[in-house]
Amino acid sequence: MDSKEIVQKGYDLFANGDMVGFMNMLHDDFVFVYPGDKHPFSGTHNKEGFQQQLMKVPDLWSNFQVTVESMISEGDKVFINTKATADGMDTIFGHYMEVKDDKLLKFVAYDDTLSMFNAMKK
């Protein structure tokens with residue numbers, strides 16, 4: 001598989017609720033970066049920290065979904081344009097990923113934080 005196919009597989013596993021399969025797609029040295037300091041996901045997280053962030057999703061947003069609309073890649077680097085929806089949210093996210101050893105190594109999220117905040121369960 002090339003880098004885009006590996007990234008797509010990760011999104012497919014996440015969309016299908018296969019969190020075990022999704023977490024197995026992450027490299028042991030995986031890093032998740034969520035810019036800023038006010039969002040519930042903000043910070044730099046390792047594989048276990050990323051899993052803890054994902055576990056927050058159902059408590060924060062109802063019917064949260066991320067769907068790949070397009071990808072561009074250069075070698076092991078992939079940028080993904082996604083459609084992100086939840087109750088009260090319909091927006092786009094930009095995600096940057098790096099692949100190593102056929103696993104996801106790095107994920108930097110460039111999400112629409114205002115739309116996410118406005119759709120959060122209060």
# chains A, B, ... in the order shown; residues from 1 in each chain; ligands from 1
>>> residues_around(residues="Ile80 in chain A", least_positions_apart="4", cutoff="12 Å", atoms="only C-alpha atoms", output="VMD selection string")
chain A and resid 3 to 5 7 to 8 10 to 11 66 to 73 84 92 to 98 107 to 111
>>> select_by_dssp(residues="range 3-68 of chain A", states="alpha helix (DSSP H)", output="PyMOL selection string")
chain A and resi 3-15+19-24+47-60
>>> closest_residue(among="A:Pro35, A:Gln65, A:Phe50, A:Thr44", to="Ala15 in chain A", atoms="only C-alpha atoms")
A:Gln65
>>> residues_around(residues="Asp29 in chain A", least_positions_apart="6", cutoff="10 Å", atoms="only C-alpha atoms", output="PyMOL selection string")
chain A and resi 46-47+100+103-106
>>> atom_distance(atom1="CA of Ser115 in chain A", atom2="CA of Met89 in chain A")
6.1 Å
>>> closest_residue(among="A:Gly17, A:Ala86, A:Asn24, A:Glu74", to="Trp61 in chain A", atoms="only C-alpha atoms")
A:Ala86
>>> closest_residue(among="A:Val99, A:Leu54, A:Ile6, A:Leu114", to="Gly75 in chain A", atoms="only C-alpha atoms")
A:Val99
>>> atom_distance(atom1="CA of Gln53 in chain A", atom2="CA of Pro40 in chain A")
7.9 Å
>>> select_by_dssp(residues="range 24-83 of chain A", states="strand (DSSP E or B)", output="PyMOL selection string")
chain A and resi 26-34+43-45+65-74+77-83
>>> residues_around(residues="Asp87 in chain A", least_positions_apart="2", cutoff="12 Å", atoms="only C-alpha atoms", output="MDAnalysis selection string")
chainID A and resid 58 60:65 84:85 89:91 115:121
>>> atom_distance(atom1="CA of Met55 in chain A", atom2="CA of Phe22 in chain A")
13.0 Å
>>> closest_residue(among="A:Leu13, A:Asp76, A:Asp101, A:Met19", to="Gln52 in chain A", atoms="only C-alpha atoms")
A:Met19
>>> residues_around(residues="Glu48 in chain A", least_positions_apart="6", cutoff="10 Å", atoms="only C-alpha atoms", output="number ranges by chain")
A: 23, 28, 30-31, 54
>>> closest_residue(among="A:Leu26, A:Gly21, A:Asn81, A:Phe14", to="Asp102 in chain A", atoms="only C-alpha atoms")
A:Leu26
